[in-house]
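First comes the structure, then the notes that go with it.
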Amino acid sequence: MLDKEETVERKKLGIGAMTIVTILTIVFVFLGVVLVMRMIGKNNLTTVVAGTENTEAAAEPEAGEKSGGLEENQIIYEGKRYALNTDLITILVMGIDKETVETIGGQSWSAEGASEYAGGQADALFLAVLNPHDKNVYVIAINRNSMVDVDVFDENGDYVGRFKKQVALQHGYGDGGEESCIRQVKTVSRMFHDIPIHAYVAISMDAIPALNDAVGGITVKVLDDIIYPEYDMDLHQGDMVTLDGRTAYWYVRLRNENAFNSNELRLQRQKQYLTTFAAEAKNQSMADIRVAVRLYQTVQKYMVTDIDLGSFTYLATEALDYDFDISSLYSLKGETVQGNLFEEFYIDEEALQELIITIFYEQVQEPDTRQ
């Protein structure tokens with residue numbers, strides 16, 4: 001019999017990391033502008049994450065068909081020629097939770113204290129892609145339960161092998177810092193057919209309340225009933241509410257655990273919160289730059305990243321002219337099934353290939369051979 005505390009713990013879910021993308025957007029857009037640092041930062045972001053130097057571009061057969069006469073980084077997809085957009089900047093954003101609790105069949109399991117996941121699970125994974133050609137920021141949400149090849153290490157740090165596991169577990173096979181991040185980057189790059197990833201940011205779930213309150217709260221129209229007395233949450237669909245830090249935290253995390261594959265409603269709330277937070281933070285920062293400084297200082301305490309100040313500066317000035325809204329958010333397509341212990345998400349590979357082409361490639365115009 002589970003006690004009340006354990007029952008409460010069951011409802012803990014992975015961080016609603018659509019919020020994390022908002023955090024980064026605000027940091028990138030409003031960090032101070034220093035021209036020299038901008039140039040240095042741009043150079044830094046042209047290389048992939050340290051430790052993944054052998055990662056090749058996505059121009060592999062999995063993402064299309066190679067044939068004779070194609071130039072480097074080109075593929076044939078559905079009869080058309082495409083080239084990898086090598087000017088993209090791709091950043092892996094991770095929401096890290098060291099207290100993740102999963103509940104299946106009345107039993108709870110926690111990553112806290114579990115040696116093989118000591119680095120904490122990446123309960124939220126997003127690829128943020130800055131495209132200088134069309135001046136857009138694209139965000140790809142990665143289902144944390146996606147079944148991929150994960151590099152497994154024992155508690156002594158020795159490599160054990162590569163096994164099919166939920167992608168969120170990869171971060172746990174590390175030190176919780178740079179080592180974990182690099183291993184997560186390599187796994188995500190591999191699942192996306194070896195696309196280059198230029199940087200990473202891992203942010204603790206604890207950042208949400210502080211960031212929310214830094215802009216004075218976020219007002220939303222509640223999308224579905226969120227009734228959890230143990231969290232003092234009693235929100236009903238259609239209510240207009242201003243979320244404080246605590247309620248914002250649960251608004252983007254909680255889901256109906258009695259419904260199979262209930263992530264969809266939560267995802268809609270996360271998208272709603274993301275776009276609303278981004279608009280509010282941008283408006284306030286335009287009026288008072290100290291808001292942006294406050295946001296940066298707040299998130300810095302919760303962040304592990306390889307993006308230095310020069311790179312932040314470049315991203316900040318570059319992103320000023322970029323567009324980002326809910327139409328730029330993508331999710332992986334696939335099927336969720338019940339595994340032996342936990343839910344498992346199997347990616348629709350055809351849909352993934354199409355997404356890779358859409359985001360990371362550009363169609364090459366064939367030469368006109370007519371006389």
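Residue names in the structure tokens use chain letters A, B, ... in the order shown, residue numbers from 1 in each chain, and ligand numbers from 1 in the order shown.
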Find the residues around Tyr346 (chain A) up to 12 Å (only C-alpha atoms counted), leave out those fewer than 4 positions away in its own chain, and share them as a compact mmCIF listing (two decimals) with N, CA and C atoms, in the first residue's frame.
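And here's result20.txt as it stands now:
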```
# COMPACT_ATOMS: atom_id res chain seq x y z
N ILE A 142 11.26 16.44 -28.67
CA ILE A 142 11.63 15.03 -28.73
C ILE A 142 10.94 14.30 -27.60
N ASN A 143 10.14 13.33 -27.92
CA ASN A 143 9.46 12.54 -26.89
C ASN A 143 10.49 11.86 -26.00
N ARG A 144 10.41 12.09 -24.70
CA ARG A 144 11.40 11.54 -23.76
C ARG A 144 11.43 10.02 -23.76
N ASN A 145 10.35 9.39 -24.20
CA ASN A 145 10.27 7.93 -24.20
C ASN A 145 10.68 7.31 -25.53
N SER A 146 11.23 8.13 -26.44
CA SER A 146 11.66 7.61 -27.74
C SER A 146 12.69 6.50 -27.54
N MET A 147 12.43 5.35 -28.16
CA MET A 147 13.33 4.21 -28.03
C MET A 147 14.45 4.32 -29.05
N VAL A 148 15.67 4.53 -28.54
CA VAL A 148 16.83 4.75 -29.41
C VAL A 148 18.02 3.96 -28.85
N LYS A 164 18.85 -0.54 -26.62
CA LYS A 164 17.64 0.19 -26.97
C LYS A 164 16.91 0.60 -25.68
N LYS A 165 16.87 1.92 -25.43
CA LYS A 165 16.27 2.46 -24.21
C LYS A 165 15.59 3.79 -24.52
N GLN A 166 14.86 4.31 -23.54
CA GLN A 166 14.28 5.65 -23.68
C GLN A 166 15.40 6.68 -23.76
N VAL A 167 15.28 7.62 -24.70
CA VAL A 167 16.34 8.59 -24.93
C VAL A 167 16.62 9.43 -23.69
N MET A 191 20.13 9.76 -33.44
CA MET A 191 18.73 9.45 -33.74
C MET A 191 18.19 10.32 -34.86
N LEU A 332 7.87 14.96 -32.80
CA LEU A 332 8.12 13.70 -33.49
C LEU A 332 6.83 12.89 -33.57
N LYS A 333 6.60 12.27 -34.70
CA LYS A 333 5.45 11.40 -34.86
C LYS A 333 5.86 9.96 -34.56
N GLY A 334 4.92 9.20 -34.04
CA GLY A 334 5.21 7.82 -33.72
C GLY A 334 4.10 7.20 -32.92
N GLU A 335 4.40 6.09 -32.27
CA GLU A 335 3.40 5.34 -31.52
C GLU A 335 3.92 5.04 -30.11
N THR A 336 3.06 5.26 -29.13
CA THR A 336 3.39 4.91 -27.75
C THR A 336 2.78 3.55 -27.42
N VAL A 337 3.60 2.67 -26.86
CA VAL A 337 3.12 1.36 -26.43
C VAL A 337 3.55 1.15 -24.99
N GLN A 338 2.88 0.25 -24.32
CA GLN A 338 3.23 -0.06 -22.94
C GLN A 338 4.33 -1.13 -22.93
N GLY A 339 5.50 -0.78 -22.41
CA GLY A 339 6.59 -1.74 -22.29
C GLY A 339 6.42 -2.58 -21.04
N GLU A 350 9.62 7.29 -41.37
CA GLU A 350 9.33 8.05 -42.58
C GLU A 350 9.02 9.50 -42.26
N ALA A 351 8.25 9.71 -41.19
CA ALA A 351 7.94 11.07 -40.77
C ALA A 351 9.18 11.79 -40.28
N LEU A 352 10.07 11.07 -39.61
CA LEU A 352 11.33 11.67 -39.14
C LEU A 352 12.18 12.10 -40.32
```
Proximity of region 152-187 of chain A to region 121-134 of chain A: per-residue shortest pair, 7 Å limit, only C-alpha atoms, as JSON lines:
```
{"residue": "A:Ala168", "atom": "CA", "partner": "A:Ala122", "partner_atom": "CA", "distance": 4.6}
{"residue": "A:Leu169", "atom": "CA", "partner": "A:Gln121", "partner_atom": "CA", "distance": 5.3}
{"residue": "A:His171", "atom": "CA", "partner": "A:Gln121", "partner_atom": "CA", "distance": 5.6}
{"residue": "A:Gly172", "atom": "CA", "partner": "A:Gln121", "partner_atom": "CA", "distance": 5.2}
```
- Task: Please give the complete set of residues from region 63-232 of chain A that DSSP, run on the backbone, assigns to strand (DSSP E), formatted as an NGL selection string.
- Result: :A and (74-77 or 80-84 or 89-97 or 101-104 or 107-110 or 121-131 or 136-142 or 147-153 or 159-166 or 199-204 or 218-221 or 226-228)
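The two atoms in question, CA of Gly217 (chain A) and CA of Val304 (chain A), are spaced 25.1 Å apart.
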